[in-house]
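Peer 1: Got a structure for you, my_file_11.pdb, holding PDB, C-alpha atoms and all ligand atoms.
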```pdb
ATOM      1  CA  MET A 296      59.904  77.204 112.941
ATOM      2  CA  ASP A 297      61.887  77.845 109.753
ATOM      3  CA  GLU A 298      65.629  77.986 109.972
ATOM      4  CA  LYS A 299      67.196  81.185 108.777
ATOM      5  CA  LYS A 300      68.816  80.909 105.361
ATOM      6  CA  HIS A 301      72.508  81.640 105.092
ATOM      7  CA  ALA A 302      73.384  84.253 102.452
ATOM      8  CA  SER A 303      75.786  81.785 100.874
ATOM      9  CA  ASP A 304      73.203  78.996 100.551
ATOM     10  CA  GLY A 305      72.822  77.995  96.927
ATOM     11  CA  ILE A 306      76.079  79.726  95.971
ATOM     12  CA  VAL A 307      78.767  77.693  97.716
ATOM     13  CA  ARG A 308      78.847  74.873 100.226
ATOM     14  CA  ALA A 309      79.803  75.806 103.784
ATOM     15  CA  GLY A 310      83.572  75.713 104.103
ATOM     16  CA  ASP A 311      84.194  76.047 100.356
ATOM     17  CA  LEU A 312      86.835  78.761 100.068
ATOM     18  CA  THR A 313      87.410  78.484  96.325
ATOM     19  CA  ARG A 314      85.261  81.538  95.677
ATOM     20  CA  ARG A 315      86.271  84.695  97.491
ATOM     21  CA  VAL A 316      83.285  86.713  98.593
ATOM     22  CA  GLY A 317      85.218  90.012  98.392
ATOM     23  CA  VAL A 318      86.164  89.284  94.780
ATOM     24  CA  GLU A 319      82.593  88.385  93.900
ATOM     25  CA  GLN A 320      81.393  91.643  95.422
ATOM     26  CA  ILE A 321      83.665  93.886  93.384
ATOM     27  CA  ARG A 322      82.965  91.839  90.215
ATOM     28  CA  MET A 323      79.262  92.475  90.783
ATOM     29  CA  ARG A 324      80.101  96.176  90.740
ATOM     30  CA  GLY A 325      81.599  95.863  87.269
ATOM     31  CA  VAL A 326      85.297  95.677  88.145
ATOM     32  CA  ASP A 327      87.497  93.516  85.914
ATOM     33  CA  VAL A 328      89.308  91.792  88.788
ATOM     34  CA  ASP A 329      91.973  90.130  86.637
ATOM     35  CA  ARG A 330      92.884  93.482  85.094
ATOM     36  CA  LEU A 331      92.850  95.127  88.516
ATOM     37  CA  ILE A 332      95.296  92.515  89.847
ATOM     38  CA  GLU A 333      97.665  93.150  86.936
ATOM     39  CA  LEU A 334      97.482  96.920  87.491
ATOM     40  CA  LEU A 335      98.171  96.473  91.188
ATOM     41  CA  ILE A 336     101.220  94.300  90.455
ATOM     42  CA  ASP A 337     102.536  96.948  88.051
ATOM     43  CA  ALA A 338     101.904  99.615  90.673
ATOM     44  CA  ALA A 339     103.602  97.578  93.408
ATOM     45  CA  GLY A 340     106.614  97.166  91.109
ATOM     46  CA  ALA A 341     106.767 100.903  90.555
ATOM     47  CA  GLU A 342     106.536 101.632  94.280
ATOM     48  CA  PHE A 343     109.182  99.078  95.164
ATOM     49  CA  THR A 344     111.658 100.234  92.518
ATOM     50  CA  THR A 345     111.226 103.913  93.330
ATOM     51  CA  TYR A 346     111.799 103.084  96.998
ATOM     52  CA  TYR A 347     115.061 101.488  95.937
ATOM     53  CA  TYR A 348     116.151 104.300  93.637
ATOM     54  CA  TYR A 349     115.121 107.048  96.068
ATOM     55  CA  THR A 350     117.303 105.360  98.666
ATOM     56  CA  ILE A 351     120.268 106.006  96.367
ATOM     57  CA  LEU A 352     119.169 109.528  95.400
ATOM     58  CA  ARG A 353     118.799 110.473  99.059
ATOM     59  CA  MET A 354     122.429 109.562  99.752
ATOM     60  CA  TYR A 355     123.593 112.153  97.231
ATOM     61  CA  LEU A 356     121.575 114.922  98.863
ATOM     62  CA  ALA A 357     123.709 114.938 102.014
ATOM     63  CA  GLY A 358     124.515 118.542 102.776
ATOM     64  CA  ASN A 359     121.225 119.680 101.261
ATOM     65  CA  GLU A 360     119.210 118.547 104.238
ATOM     66  CA  ASP A 361     115.942 120.196 103.224
ATOM     67  CA  TYR A 362     116.031 118.471  99.833
ATOM     68  CA  LYS A 363     117.189 115.255 101.454
ATOM     69  CA  GLU A 364     114.094 115.362 103.653
ATOM     70  CA  ILE A 365     111.850 115.751 100.591
ATOM     71  CA  CYS A 366     113.511 112.721  99.028
ATOM     72  CA  GLU A 367     113.202 110.782 102.266
ATOM     73  CA  ASP A 368     109.491 111.568 102.504
ATOM     74  CA  ALA A 369     108.965 110.314  98.941
ATOM     75  CA  ARG A 370     111.068 107.221  99.638
ATOM     76  CA  LEU A 371     109.117 106.270 102.755
ATOM     77  CA  GLU A 372     105.800 107.028 101.080
ATOM     78  CA  ASP A 373     106.619 104.652  98.252
ATOM     79  CA  ARG A 374     107.622 101.936 100.670
ATOM     80  CA  ALA A 375     104.315 102.442 102.481
ATOM     81  CA  HIS A 376     102.462 102.297  99.152
ATOM     82  CA  PHE A 377     104.182  99.006  98.331
ATOM     83  CA  GLU A 378     103.212  97.621 101.737
ATOM     84  CA  PHE A 379      99.658  98.848 101.240
ATOM     85  CA  ILE A 380      99.178  97.430  97.728
ATOM     86  CA  THR A 381     100.778  94.015  98.192
ATOM     87  CA  PRO A 382      98.247  92.441 100.582
ATOM     88  CA  ARG A 383      95.431  93.606  98.318
ATOM     89  CA  ILE A 384      96.949  91.675  95.390
ATOM     90  CA  TYR A 385      96.837  88.469  97.435
ATOM     91  CA  GLU A 386      93.362  89.196  98.797
ATOM     92  CA  LEU A 387      92.146  89.379  95.195
ATOM     93  CA  GLY A 388      93.766  86.035  94.353
ATOM     94  CA  GLY A 389      96.897  87.383  92.662
ATOM     95  CA  SER A 390     100.542  87.173  93.647
ATOM     96  CA  LEU A 391     103.788  89.040  93.123
ATOM     97  CA  PRO A 392     106.197  87.651  90.516
ATOM     98  CA  THR A 393     108.637  85.267  92.178
ATOM     99  CA  ASP A 394     111.530  86.823  90.219
ATOM    100  CA  ILE A 395     112.383  90.367  91.322
ATOM    101  CA  ARG A 396     113.766  91.155  87.838
ATOM    102  CA  GLU A 397     110.396  90.425  86.298
ATOM    103  CA  PHE A 398     108.781  92.470  89.056
ATOM    104  CA  ALA A 399     111.040  95.466  88.469
ATOM    105  CA  ASP A 400     110.478  95.284  84.709
ATOM    106  CA  ARG A 401     106.740  95.539  85.262
ATOM    107  CA  ALA A 402     107.047  98.976  86.844
ATOM    108  CA  GLY A 403     105.198 101.341  84.602
ATOM    109  CA  CYS A 404     107.764 104.147  84.629
ATOM    110  CA  PRO A 405     111.443 104.482  83.724
ATOM    111  CA  ASP A 406     113.947 103.724  86.474
ATOM    112  CA  ALA A 407     114.814 106.753  88.601
ATOM    113  CA  TYR A 408     118.553 106.439  88.054
ATOM    114  CA  LEU A 409     121.053 108.673  89.774
ATOM    115  CA  PRO A 410     121.824 111.400  87.209
ATOM    116  CA  ASP A 411     125.330 111.456  85.688
ATOM    117  CA  GLU A 412     125.854 114.822  87.341
ATOM    118  CA  PRO A 413     124.238 114.275  90.766
ATOM    119  CA  THR A 414     123.545 117.880  91.719
ATOM    120  CA  ALA A 415     120.609 118.582  94.008
ATOM    121  CA  ALA A 416     118.684 120.152  91.111
ATOM    122  CA  ASN A 417     119.288 117.144  88.849
ATOM    123  CA  ILE A 418     118.346 114.672  91.578
ATOM    124  CA  LEU A 419     115.163 116.547  92.425
ATOM    125  CA  THR A 420     114.293 116.649  88.718
ATOM    126  CA  VAL A 421     114.599 112.839  88.557
ATOM    127  CA  LEU A 422     112.445 112.550  91.672
ATOM    128  CA  LEU A 423     109.799 114.928  90.388
ATOM    129  CA  GLU A 424     109.586 113.263  86.975
ATOM    130  CA  ALA A 425     109.288 109.837  88.600
ATOM    131  CA  GLU A 426     106.372 111.011  90.721
ATOM    132  CA  ARG A 427     104.665 112.696  87.768
ATOM    133  CA  CYS A 428     104.993 109.490  85.744
ATOM    134  CA  ALA A 429     103.574 107.397  88.600
ATOM    135  CA  VAL A 430     100.478 109.561  88.891
ATOM    136  CA  ARG A 431      99.865 109.488  85.145
ATOM    137  CA  HIS A 432     100.487 105.751  84.942
ATOM    138  CA  VAL A 433      97.941 104.961  87.621
ATOM    139  CA  GLU A 434      95.380 107.249  86.078
ATOM    140  CA  ARG A 435      95.846 105.687  82.635
ATOM    141  CA  GLY A 436      95.585 102.190  84.080
ATOM    142  CA  LEU A 437      92.400 102.889  85.931
ATOM    143  CA  ARG A 438      90.836 105.048  83.254
ATOM    144  CA  PRO A 439      91.913 104.020  79.745
ATOM    145  CA  ASP A 440      89.808 106.892  78.367
ATOM    146  CA  VAL A 441      92.415 109.419  79.551
ATOM    147  CA  ARG A 442      95.160 107.966  77.320
ATOM    148  CA  GLN A 443      94.534 110.707  74.776
ATOM    149  CA  ARG A 444      94.711 113.507  77.340
ATOM    150  CA  PRO A 445      97.064 116.335  76.265
ATOM    151  CA  ALA A 446     100.577 116.009  77.678
ATOM    152  CA  HIS A 447     100.418 119.262  79.650
ATOM    153  CA  LEU A 448      97.746 117.846  81.969
TER     154      LEU A 448
HETATM  155 FE    FE B 501     103.963 105.827  95.634
END
```
Is it possible to give me this structure as structure tokens?
Peer 2:
Amino acid sequence: MDEKKHASDGIVRAGDLTRRVGVEQIRMRGVDVDRLIELLIDAAGAEFTTYYYYTILRMYLAGNEDYKEICEDARLEDRAHFEFITPRIYELGGSLPTDIREFADRAGCPDAYLPDEPTAANILTVLLEAERCAVRHVERGLRPDVRQRPAHL
């Protein structure tokens, strides 16, 4: 009776973990894995830095509890996004920069600094613009063909 063939036979020896099957699978689907890792690191940097900056912005919304809650939701979402993205980077064979300054500099959007005049309207404007930038940055990274899209979209 013939022994069943293992799907990895002829590709890697049993126990050889130098080639990640998940990476091979997405490469076979046409994904540039090295570019994807770099985009994910940039995205993780953006999520981490906005989490940090939103923590500061939130403190200046005390007394405007409804706006503070909006800021808090965005802050916690970005932390969750960072936590979601980071394991994927390692699963693909990448890693976060060991220097947090390098990591922060890789964020694809300007820092969401506390405005000079920290009114609720000014803080929410910073928050909104940061989120708009993040969405556009991700879309441009994943789909370079949209780089020429008109600014109003
Ligand atoms: Fe996010």
Peer 1: Leu409 (chain A): which residues within 9 Å, counting all atoms listed in the file, same-chain residues fewer than 3 positions away excluded, as an MDAnalysis selection string?
Peer 2: chainID A and resid 348:349 351:352 355 412:413 417:418 421
Peer 1: Any chance you could export the current selection's C-alpha atoms as a CSV table (one decimal), keeping the file's coordinate frame?
Peer 2:
```
chain,number,residue,atom,x,y,z
A,348,TYR,CA,116.2,104.3,93.6
A,349,TYR,CA,115.1,107.0,96.1
A,351,ILE,CA,120.3,106.0,96.4
A,352,LEU,CA,119.2,109.5,95.4
A,355,TYR,CA,123.6,112.2,97.2
A,412,GLU,CA,125.9,114.8,87.3
A,413,PRO,CA,124.2,114.3,90.8
A,417,ASN,CA,119.3,117.1,88.8
A,418,ILE,CA,118.3,114.7,91.6
A,421,VAL,CA,114.6,112.8,88.6
```
Peer 1: Using 8 Å as the limit and counting all atoms listed in the file, can you tabulate each residue of chain A that touches ligand FE 501 (chain B), with its shortest atom-to-atom distance in Å and the two atoms involved, as CSV?
Peer 2:
```
residue,atom,partner,partner_atom,distance
A:Ala341,CA,B:FE501,FE,7.6
A:Glu342,CA,B:FE501,FE,5.1
A:Thr345,CA,B:FE501,FE,7.9
A:Ala369,CA,B:FE501,FE,7.5
A:Glu372,CA,B:FE501,FE,5.9
A:Asp373,CA,B:FE501,FE,3.9
A:Arg374,CA,B:FE501,FE,7.3
A:Ala375,CA,B:FE501,FE,7.6
A:His376,CA,B:FE501,FE,5.2
A:Phe377,CA,B:FE501,FE,7.3
A:Glu426,CA,B:FE501,FE,7.5
A:Ala429,CA,B:FE501,FE,7.2
```
Peer 1: Work out how far apart CA of Asp304 (chain A) and CA of Asp327 (chain A) are and give it in Å to one decimal.
Peer 2: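 We find that CA of Asp304 (chain A) and CA of Asp327 (chain A) lie 25.1 Å from each other.
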Peer 1: Spell out the residues picked by the PyMOL selection byres (((chain A and resi 334) around 10) and not hetatm) here, as a PyMOL selection string.
Peer 2: chain A and resi 328-333+335-340+384+401-403+432-433+436-437
Peer 1: Counting all atoms listed in the file, which residue out of A:Arg322, A:Ile306, A:Val316, A:Phe343 sits closest to Phe398 (chain A)?
Peer 2: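 Nearest to Phe398 (chain A): A:Phe343.
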Peer 1: In Å, with one decimal, what is the gap from CA of Arg435 (chain A) to CA of Ala416 (chain A)?
Peer 2: 28.3 Å
Peer 1: Report, in Å to a single decimal, how far apart CA of Gly325 (chain A) and CA of Ser303 (chain A) are.
Peer 2: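 For CA of Ser303 (chain A) relative to CA of Gly325 (chain A), the distance reads 20.4 Å.
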Peer 1: Point out the residue among A:Cys404, A:Tyr346, A:Pro410, A:Ala425 with the least atom-to-atom distance to Glu378 (chain A), counting all atoms listed in the file.
Peer 2: A:Tyr346
Peer 1: Enclose the full set of atoms of region 301-305 of chain A listed in the file within a box whose edges lie along x, y and z, apply 6 Å of padding to each of the six sides, and report centre and edge lengths in Å to one decimal as JSON.
Peer 2:
```
{"center_x": 74.1, "center_y": 81.1, "center_z": 101.0, "size_x": 15.3, "size_y": 18.3, "size_z": 20.2}
```
Peer 1: Could you pull region 363-378 of chain A out of the structure I just pasted and write it to a file containing N, CA and C atoms, as a PDB file, in the first residue's frame?
Peer 2:
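decode-v9.pdb, freshly written:
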```pdb
ATOM      1  N   LYS A 363     -14.719  64.381  24.545  1.00  0.00           N
ATOM      2  CA  LYS A 363     -13.676  63.564  25.180  1.00  0.00           C
ATOM      3  C   LYS A 363     -13.917  62.087  24.870  1.00  0.00           C
ATOM      4  N   GLU A 364     -15.182  61.695  24.852  1.00  0.00           N
ATOM      5  CA  GLU A 364     -15.506  60.295  24.553  1.00  0.00           C
ATOM      6  C   GLU A 364     -15.150  59.948  23.104  1.00  0.00           C
ATOM      7  N   ILE A 365     -15.388  60.887  22.196  1.00  0.00           N
ATOM      8  CA  ILE A 365     -15.005  60.659  20.788  1.00  0.00           C
ATOM      9  C   ILE A 365     -13.499  60.445  20.693  1.00  0.00           C
ATOM     10  N   CYS A 366     -12.764  61.290  21.374  1.00  0.00           N
ATOM     11  CA  CYS A 366     -11.294  61.194  21.365  1.00  0.00           C
ATOM     12  C   CYS A 366     -10.853  59.873  22.005  1.00  0.00           C
ATOM     13  N   GLU A 367     -11.508  59.504  23.072  1.00  0.00           N
ATOM     14  CA  GLU A 367     -11.161  58.254  23.749  1.00  0.00           C
ATOM     15  C   GLU A 367     -11.432  57.049  22.850  1.00  0.00           C
ATOM     16  N   ASP A 368     -12.547  57.082  22.141  1.00  0.00           N
ATOM     17  CA  ASP A 368     -12.842  55.983  21.207  1.00  0.00           C
ATOM     18  C   ASP A 368     -11.737  55.867  20.155  1.00  0.00           C
ATOM     19  N   ALA A 369     -11.337  57.006  19.594  1.00  0.00           N
ATOM     20  CA  ALA A 369     -10.287  56.999  18.564  1.00  0.00           C
ATOM     21  C   ALA A 369      -8.969  56.506  19.153  1.00  0.00           C
ATOM     22  N   ARG A 370      -8.681  56.948  20.364  1.00  0.00           N
ATOM     23  CA  ARG A 370      -7.433  56.550  21.040  1.00  0.00           C
ATOM     24  C   ARG A 370      -7.392  55.026  21.234  1.00  0.00           C
ATOM     25  N   LEU A 371      -8.478  54.484  21.763  1.00  0.00           N
ATOM     26  CA  LEU A 371      -8.492  53.039  22.030  1.00  0.00           C
ATOM     27  C   LEU A 371      -8.533  52.226  20.738  1.00  0.00           C
ATOM     28  N   GLU A 372      -9.191  52.763  19.730  1.00  0.00           N
ATOM     29  CA  GLU A 372      -9.191  52.082  18.428  1.00  0.00           C
ATOM     30  C   GLU A 372      -7.774  51.987  17.884  1.00  0.00           C
ATOM     31  N   ASP A 373      -7.031  53.084  17.975  1.00  0.00           N
ATOM     32  CA  ASP A 373      -5.677  53.063  17.425  1.00  0.00           C
ATOM     33  C   ASP A 373      -4.764  52.134  18.214  1.00  0.00           C
ATOM     34  N   ARG A 374      -4.963  52.066  19.503  1.00  0.00           N
ATOM     35  CA  ARG A 374      -4.189  51.094  20.277  1.00  0.00           C
ATOM     36  C   ARG A 374      -4.529  49.668  19.825  1.00  0.00           C
ATOM     37  N   ALA A 375      -5.821  49.422  19.623  1.00  0.00           N
ATOM     38  CA  ALA A 375      -6.239  48.088  19.163  1.00  0.00           C
ATOM     39  C   ALA A 375      -5.674  47.797  17.779  1.00  0.00           C
ATOM     40  N   HIS A 376      -5.629  48.810  16.912  1.00  0.00           N
ATOM     41  CA  HIS A 376      -5.064  48.609  15.574  1.00  0.00           C
ATOM     42  C   HIS A 376      -3.580  48.259  15.676  1.00  0.00           C
ATOM     43  N   PHE A 377      -2.875  48.955  16.553  1.00  0.00           N
ATOM     44  CA  PHE A 377      -1.449  48.646  16.756  1.00  0.00           C
ATOM     45  C   PHE A 377      -1.284  47.203  17.219  1.00  0.00           C
ATOM     46  N   GLU A 378      -2.112  46.804  18.176  1.00  0.00           N
ATOM     47  CA  GLU A 378      -2.028  45.431  18.703  1.00  0.00           C
ATOM     48  C   GLU A 378      -2.405  44.397  17.642  1.00  0.00           C
TER      49      GLU A 378
END
```
